[in-house]
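Just start_34.txt here, compact mmCIF, C-alpha atoms:
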```
# COMPACT_ATOMS: atom_id res chain seq x y z
CA HIS A 1 1.75 -124.48 169.07
CA THR A 2 -0.46 -124.46 165.99
CA HIS A 3 2.49 -125.38 163.79
CA THR A 4 3.37 -128.31 166.00
CA HIS A 5 -0.21 -129.65 165.88
CA HIS A 6 -0.21 -129.46 162.07
CA ASN A 7 2.93 -131.60 161.86
CA LEU A 8 1.41 -134.22 164.10
CA VAL A 9 -1.81 -134.52 162.00
CA ALA A 10 -0.25 -134.50 158.51
CA PRO A 11 1.41 -137.99 158.51
CA PRO A 12 -1.87 -139.97 158.84
CA PHE A 13 -3.28 -138.18 155.80
CA LEU A 14 -0.11 -138.88 153.80
CA MET A 15 -0.27 -142.54 154.78
CA LEU A 16 -3.94 -142.74 153.69
CA GLU A 17 -3.09 -141.12 150.37
CA LYS A 18 -0.26 -143.58 149.76
CA PHE A 19 -2.53 -146.49 150.69
CA LEU A 20 -5.26 -145.37 148.28
CA ARG A 21 -2.72 -144.87 145.54
CA PHE A 22 -1.28 -148.33 146.14
CA THR A 23 -4.75 -149.90 146.19
CA THR A 24 -5.72 -148.21 142.95
CA ILE A 25 -2.56 -149.31 141.19
CA THR A 26 -2.95 -152.82 142.52
CA GLY A 27 -6.62 -152.92 141.46
CA PHE A 28 -5.77 -151.79 137.97
CA THR A 29 -2.99 -154.34 137.79
CA VAL A 30 -5.19 -157.18 138.99
CA GLY A 31 -7.99 -156.10 136.65
CA ALA A 32 -5.63 -155.88 133.72
CA VAL A 33 -4.22 -159.31 134.52
CA GLY A 34 -7.71 -160.74 134.91
CA LEU A 35 -8.92 -159.15 131.68
CA SER A 36 -5.84 -160.38 129.89
CA ALA A 37 -6.37 -163.91 131.23
CA TYR A 38 -10.05 -163.85 130.19
CA SER A 39 -9.13 -162.71 126.68
CA CYS A 40 -6.87 -165.78 126.40
CA LEU A 41 -9.86 -168.13 126.80
CA TYR A 42 -12.41 -169.30 124.23
CA THR A 43 -15.41 -171.62 124.48
CA VAL A 44 -16.42 -174.45 122.17
CA ASP A 45 -20.19 -175.07 122.26
CA GLY A 46 -22.04 -178.35 121.72
CA GLY A 47 -21.93 -179.56 118.13
CA GLN A 48 -18.73 -177.58 117.46
CA ARG A 49 -15.04 -178.30 117.23
CA ALA A 50 -12.15 -175.82 117.23
CA ILE A 51 -8.81 -175.66 115.50
CA ILE A 52 -6.07 -173.08 116.04
CA TYR A 53 -4.51 -170.86 113.40
CA ASP A 54 -0.99 -169.84 114.39
CA LEU A 55 0.72 -166.80 112.80
CA ARG A 56 3.98 -168.71 112.52
CA GLY A 57 2.92 -172.28 111.78
CA GLY A 58 -0.50 -171.83 110.13
CA ILE A 59 -3.27 -174.33 110.90
CA ARG A 60 -2.28 -176.58 113.78
CA ASP A 61 -3.16 -180.28 113.72
CA GLU A 62 -4.96 -180.38 117.08
CA VAL A 63 -8.78 -180.52 117.21
CA HIS A 64 -10.36 -179.15 120.40
CA GLY A 65 -13.70 -180.47 121.67
CA GLU A 66 -16.46 -178.83 123.69
CA GLY A 67 -15.45 -176.70 126.68
CA THR A 68 -13.16 -173.76 127.52
CA HIS A 69 -9.65 -173.63 126.10
CA PHE A 70 -6.58 -171.37 126.30
CA TYR A 71 -4.87 -169.60 123.39
CA MET A 72 -2.45 -166.71 122.81
CA PRO A 73 -4.48 -163.75 121.49
CA ILE A 74 -1.75 -161.96 119.54
CA LYS A 75 -0.14 -165.07 118.09
CA GLN A 76 -3.12 -167.41 117.64
CA LYS A 77 -6.72 -167.38 116.46
CA PRO A 78 -9.33 -170.09 117.25
CA ILE A 79 -11.57 -171.26 114.37
CA LEU A 80 -14.93 -172.75 115.39
CA LEU A 81 -16.53 -175.28 113.03
CA ASP A 82 -19.94 -177.00 113.08
CA VAL A 83 -19.70 -180.80 113.04
CA ARG A 84 -23.42 -181.61 113.25
CA VAL A 85 -25.29 -183.25 110.36
CA THR A 86 -26.26 -180.45 107.99
CA PRO A 87 -28.77 -180.52 105.09
CA ARG A 88 -28.02 -178.97 101.72
CA GLU A 89 -29.90 -178.93 98.41
CA ILE A 90 -27.94 -178.88 95.15
CA PRO A 91 -29.73 -178.32 91.81
CA THR A 92 -28.27 -179.16 88.41
CA ARG A 93 -29.37 -179.26 84.78
CA THR A 94 -27.90 -181.91 82.52
CA GLY A 95 -28.56 -184.06 79.45
CA THR A 96 -29.92 -187.61 79.35
CA LYS A 97 -28.81 -190.48 77.12
CA ASP A 98 -31.51 -189.56 74.56
CA LEU A 99 -30.43 -185.88 74.63
CA GLN A 100 -33.31 -184.59 76.77
CA GLN A 101 -32.66 -181.79 79.28
CA ALA A 102 -33.29 -182.88 82.87
CA SER A 103 -33.46 -180.67 85.98
CA ILE A 104 -32.50 -182.56 89.14
CA THR A 105 -32.24 -181.43 92.76
CA LEU A 106 -30.36 -183.48 95.34
CA ARG A 107 -30.83 -183.21 99.09
CA ILE A 108 -27.62 -184.13 100.90
CA LEU A 109 -27.14 -184.66 104.65
CA TYR A 110 -23.44 -184.37 105.45
CA LYS A 111 -20.89 -183.80 108.21
CA PRO A 112 -17.10 -183.37 108.19
CA GLU A 113 -14.67 -185.94 109.58
CA GLU A 114 -13.75 -184.35 112.91
CA GLU A 115 -10.17 -185.57 112.99
CA SER A 116 -9.66 -184.19 109.46
CA LEU A 117 -10.86 -180.63 110.18
CA PRO A 118 -7.31 -179.16 110.05
CA TRP A 119 -6.78 -180.78 106.62
CA ILE A 120 -10.18 -179.57 105.37
CA VAL A 121 -9.64 -175.94 106.41
CA ARG A 122 -6.02 -175.98 105.26
CA HIS A 123 -6.96 -177.13 101.73
CA GLN A 124 -10.57 -175.94 101.25
CA GLY A 125 -11.10 -173.09 103.72
CA GLU A 126 -13.73 -172.57 106.38
CA ASP A 127 -16.51 -172.53 103.74
CA TYR A 128 -15.47 -175.96 102.50
CA ASP A 129 -19.10 -177.10 102.01
CA GLN A 130 -19.70 -174.23 99.58
CA ARG A 131 -16.69 -175.31 97.55
CA ILE A 132 -16.76 -179.11 97.65
CA LEU A 133 -20.40 -180.28 97.62
CA PRO A 134 -21.74 -178.35 94.57
CA SER A 135 -18.69 -179.32 92.55
CA ILE A 136 -18.69 -183.07 93.19
CA ALA A 137 -22.52 -183.32 93.20
CA ASN A 138 -22.78 -181.78 89.73
CA GLU A 139 -19.93 -183.94 88.50
CA VAL A 140 -21.58 -187.18 89.70
CA MET A 141 -25.11 -186.27 88.62
CA LYS A 142 -24.01 -185.44 85.06
CA ALA A 143 -22.11 -188.74 84.80
CA VAL A 144 -25.00 -190.87 86.11
CA VAL A 145 -27.86 -189.17 84.28
CA ALA A 146 -26.01 -189.52 80.96
CA GLN A 147 -26.38 -193.31 81.27
CA TYR A 148 -30.20 -193.27 81.27
CA ASN A 149 -32.97 -192.21 78.90
CA ALA A 150 -35.44 -189.62 80.15
CA GLU A 151 -38.14 -192.25 80.55
CA GLU A 152 -35.78 -194.49 82.53
CA LEU A 153 -35.06 -191.65 84.95
CA ILE A 154 -38.75 -191.76 85.85
CA THR A 155 -39.31 -195.52 85.88
CA LYS A 156 -35.94 -196.32 87.53
CA ARG A 157 -35.75 -193.33 89.86
CA GLN A 158 -34.68 -195.35 92.91
CA LEU A 159 -31.96 -197.10 90.91
CA VAL A 160 -30.66 -193.74 89.68
CA SER A 161 -30.73 -192.34 93.23
CA ASP A 162 -28.79 -195.34 94.56
CA GLU A 163 -26.16 -194.99 91.83
CA ILE A 164 -25.72 -191.27 92.57
CA GLU A 165 -25.44 -191.98 96.31
CA LYS A 166 -22.82 -194.69 95.78
CA ARG A 167 -20.62 -192.54 93.54
CA LEU A 168 -21.06 -189.33 95.51
CA THR A 169 -20.27 -190.99 98.85
CA THR A 170 -17.02 -192.37 97.42
CA ARG A 171 -16.13 -189.00 95.89
CA ALA A 172 -16.83 -187.12 99.15
CA LYS A 173 -14.43 -189.39 101.03
CA ASP A 174 -11.59 -187.82 99.01
CA PHE A 175 -12.45 -184.51 100.68
CA LYS A 176 -12.93 -185.93 104.21
CA LEU A 177 -16.73 -185.55 104.19
CA ASN A 178 -19.24 -188.12 105.43
CA LEU A 179 -22.54 -188.19 103.52
CA VAL A 180 -25.29 -189.47 105.81
CA ASP A 181 -28.15 -189.49 103.27
CA ILE A 182 -28.76 -188.55 99.63
CA ALA A 183 -32.13 -188.30 97.87
CA ILE A 184 -33.56 -186.90 94.63
CA THR A 185 -36.16 -184.33 95.69
CA HIS A 186 -36.96 -182.86 92.26
CA LEU A 187 -36.90 -184.27 88.73
CA ALA A 188 -38.27 -182.41 85.70
CA PHE A 189 -37.72 -182.31 81.97
CA GLY A 190 -37.87 -179.75 79.18
CA GLU A 191 -41.14 -178.62 77.60
CA GLU A 192 -40.54 -180.69 74.45
CA PHE A 193 -40.22 -183.91 76.43
CA THR A 194 -43.31 -183.07 78.49
CA GLN A 195 -45.33 -182.54 75.30
CA ALA A 196 -43.96 -185.78 73.85
CA VAL A 197 -44.99 -187.67 76.99
CA GLU A 198 -48.49 -186.17 76.83
CA ALA A 199 -48.78 -187.07 73.13
CA LYS A 200 -47.60 -190.60 73.88
CA GLN A 201 -50.17 -190.89 76.67
CA VAL A 202 -52.95 -189.72 74.33
CA ALA A 203 -51.79 -192.19 71.66
CA TYR A 204 -51.79 -194.97 74.23
CA GLN A 205 -55.32 -194.11 75.32
CA GLU A 206 -56.50 -194.05 71.68
CA SER A 207 -54.81 -197.40 71.10
CA GLU A 208 -56.53 -198.88 74.14
CA LYS A 209 -59.86 -197.50 72.92
CA ALA A 210 -59.33 -199.05 69.47
CA LYS A 211 -58.49 -202.40 71.09
CA TRP A 212 -61.70 -202.18 73.11
CA ILE A 213 -63.77 -201.44 69.98
CA VAL A 214 -62.21 -204.41 68.15
CA LYS A 215 -62.95 -206.71 71.09
CA ARG A 216 -66.52 -205.38 71.26
CA ASP A 217 -67.08 -206.03 67.55
CA GLU A 218 -65.62 -209.51 67.95
CA GLN A 219 -68.09 -210.16 70.77
CA PHE A 220 -70.99 -208.91 68.62
CA LYS A 221 -69.86 -211.12 65.74
CA LEU A 222 -69.55 -214.11 68.04
CA ALA A 223 -73.02 -213.42 69.44
CA ASN A 224 -74.50 -213.30 65.94
CA ILE A 225 -72.82 -216.58 65.06
CA ILE A 226 -74.15 -218.20 68.20
CA ARG A 227 -77.63 -216.77 67.48
CA SER A 228 -77.55 -218.06 63.88
CA GLU A 229 -76.40 -221.45 65.03
CA GLY A 230 -79.19 -221.46 67.61
CA GLU A 231 -81.83 -220.56 65.02
CA SER A 232 -80.49 -223.21 62.65
CA GLU A 233 -80.61 -225.79 65.40
CA SER A 234 -84.16 -224.72 66.27
CA ALA A 235 -85.27 -225.06 62.64
CA ARG A 236 -83.73 -228.51 62.46
CA LEU A 237 -85.52 -229.60 65.61
CA ILE A 238 -88.86 -228.27 64.30
CA ALA A 239 -88.36 -230.07 61.01
CA GLU A 240 -87.63 -233.29 62.84
CA ALA A 241 -90.73 -232.79 65.00
CA ILE A 242 -92.93 -232.24 61.94
CA ALA A 243 -91.50 -235.29 60.24
CA GLY A 244 -92.16 -237.36 63.35
CA SER A 245 -95.65 -236.14 64.28
CA GLY A 246 -97.17 -234.94 61.01
CA SER A 247 -98.97 -231.60 60.86
CA GLY A 248 -99.74 -231.55 64.59
CA MET A 249 -96.60 -229.50 65.39
CA VAL A 250 -97.51 -226.99 62.65
CA GLU A 251 -101.00 -226.65 64.11
CA ILE A 252 -99.53 -226.00 67.56
CA ARG A 253 -97.28 -223.28 66.13
CA ARG A 254 -100.27 -221.74 64.28
CA LEU A 255 -102.31 -221.64 67.47
CA GLU A 256 -99.42 -220.08 69.40
CA ALA A 257 -99.10 -217.42 66.70
CA ALA A 258 -102.85 -216.72 66.77
CA LYS A 259 -102.74 -216.44 70.54
CA GLU A 260 -99.92 -213.91 70.34
CA ILE A 261 -101.79 -211.85 67.71
CA ALA A 262 -104.95 -211.85 69.86
CA ARG A 263 -102.93 -210.69 72.89
CA ARG A 264 -101.45 -207.80 70.99
CA MET A 265 -104.82 -206.75 69.54
CA ALA A 266 -106.40 -206.87 72.98
CA ASN A 267 -103.82 -204.40 74.25
CA SER A 268 -104.26 -202.07 71.29
CA LYS A 269 -106.48 -198.97 71.66
CA ASN A 270 -107.45 -199.00 67.97
CA VAL A 271 -109.39 -202.32 68.10
CA THR A 272 -113.12 -202.50 69.02
CA TYR A 273 -114.92 -205.81 69.69
CA LEU A 274 -118.50 -206.32 68.23
CA PRO A 275 -121.23 -208.96 69.00
CA LYS A 276 -121.52 -212.21 67.06
CA ASN A 277 -124.29 -210.95 64.74
CA THR A 278 -122.21 -207.95 63.76
CA ASN A 279 -121.93 -209.19 60.19
CA ILE A 280 -125.73 -208.85 59.78
CA PHE A 281 -125.61 -205.25 60.98
CA VAL A 282 -122.74 -204.55 58.70
CA ASN A 283 -124.50 -206.24 55.76
CA GLY A 284 -127.60 -204.14 56.44
CA LEU A 285 -125.55 -200.97 56.29
CA GLY A 286 -123.90 -202.21 53.16
CA GLY A 287 -127.34 -202.86 51.61
CA ARG A 288 -128.26 -199.30 52.16
```
Same coordinates, now as structure tokens:
Amino acid sequence: HTHTHHNLVAPPFLMLEKFLRFTTITGFTVGAVGLSAYSCLYTVDGGQRAIIYDLRGGIRDEVHGEGTHFYMPIKQKPILLDVRVTPREIPTRTGTKDLQQASITLRILYKPEEESLPWIVRHQGEDYDQRILPSIANEVMKAVVAQYNAEELITKRQLVSDEIEKRLTTRAKDFKLNLVDIAITHLAFGEEFTQAVEAKQVAYQESEKAKWIVKRDEQFKLANIIRSEGESESARLIAEAIAGSGSGMVEIRRLEAAKEIARRMANSKNVTYLPKNTNIFVNGLGGR
């Protein structure tokens, strides 16, 4: 009886075991398939573009935009590239037309041509900006700066910047790069040139000072001439007045002179006024 009961109970347990085993296998299978499918997807974020490297064919010509895309993990590899405008500073040291050493730094805003990304990576690599921009920027800057004297680089800075931008933009097109903006952010010269500029500035200031002194002396000389002419004219007028009115003009001048002398003596502390009969008192003292 016990044996019969055991046979009746066993099948449900076997069925449950088979069901659990089947579910586990199925779960692993579905999970593996899902994981495999997820690993075949990649996402391109905003400001990025993607190209595919294939083990058999190399870089493919398609450019993939923002979003989620499918690829074959074992056979292919997605390459994500930034296509936003990117700033970069490039310094260089080169010689001017008058053999001065100039240090120049360019700030470049650039971005790659999106449709040409496969060509760029195929020929220049993923770090294309590290390879292309310093090379062509130095090449153009050396060529342009050699056409100007050191002083002209300062006085014609905008003209030099425009010439560099024009040449560099054309050169970058050969490498499928768009240059949005180019500007000279730093310009300096060697110590010898700096000292020469300072000496020239000092000489200019001394020259201007000498010119001012000469002009001042000329003004003094002109003033003396005008004064002499004025005195001569005054003497002539006095002479004419004397000739016309006799000694009356001379008497007027003598009175004016006496008046001026009296005014000065009145203001002097060393003069003492005495009564009219002072000469008697003085004579009396003298008699003694």
Edge lengths and centre in Å to one decimal, as JSON, is what I'm after for the box along x, y and z that holds all listed atoms of region 152-158 of chain A once 4 Å is added on each side.
```
{"center_x": -37.0, "center_y": -194.0, "center_z": 87.7, "size_x": 12.6, "size_y": 12.7, "size_z": 18.4}
```
Which polymer residues have any atom within 10 Å of an atom of Met141 (chain A), counting only C-alpha atoms, with same-chain residues fewer than 6 positions away left out, as a tab-separated table (two decimals) with C-alpha atoms, in the coordinates of the input?
```
chain	number	residue	atom	x	y	z
A	91	PRO	CA	-29.73	-178.32	91.81
A	92	THR	CA	-28.27	-179.16	88.41
A	93	ARG	CA	-29.37	-179.26	84.78
A	94	THR	CA	-27.90	-181.91	82.52
A	104	ILE	CA	-32.50	-182.56	89.14
A	105	THR	CA	-32.24	-181.43	92.76
A	106	LEU	CA	-30.36	-183.48	95.34
A	160	VAL	CA	-30.66	-193.74	89.68
A	161	SER	CA	-30.73	-192.34	93.23
A	163	GLU	CA	-26.16	-194.99	91.83
A	164	ILE	CA	-25.72	-191.27	92.57
A	165	GLU	CA	-25.44	-191.98	96.31
A	167	ARG	CA	-20.62	-192.54	93.54
A	168	LEU	CA	-21.06	-189.33	95.51
```
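Using all atoms listed in the file, the nearest neighbour of Ile108 (chain A) within the list A:Gln219, A:Thr43, A:Thr185, A:Gln147 is A:Thr185.
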Set the distance at 8 Å and use only C-alpha atoms: which residues neighbour region 131-139 of chain A once local chain neighbours fewer than 5 positions away are removed? I'd like the list as a count of residues only.
7
Report, in Å with one decimal, the straight-line distance from CA of Val85 (chain A) to CA of Asp129 (chain A).
12.1 Å
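Take CA of Gly57 (chain A) and CA of Leu177 (chain A): the distance between them is 24.9 Å.
Shortest separation to Gly47 (chain A) among A:Gly95, A:Pro118, A:Pro112, A:Gly190 occurs at residue A:Pro112, atoms counted being all atoms listed in the file.
Close contacts of Ser116 (chain A), defined as residues with an atom at most 9 Å away when counting all atoms listed in the file, with chain neighbours fewer than 6 positions off set aside, comprise Asp61, Val63, Lys176 and Leu177 of chain A.
Take CA of Arg264 (chain A) and CA of Ala239 (chain A): the distance between them is 27.7 Å.
When the distance limit is 8 Å and only C-alpha atoms are what count, the residues near Val121 (chain A), minus those fewer than 5 positions from it on the same chain, are Ile59, Glu126 and Tyr128 of chain A.
Nearest residue to Glu113 (chain A), choosing from A:Val140, A:Met72, A:Ala150, A:Val180 and counting all atoms listed in the file: A:Val180.
You can rank A:Ala266, A:Ile52, A:Leu255, A:Cys40 by their closest distance to Leu117 (chain A) using all atoms listed in the file, and at the top of that list sits A:Ile52.
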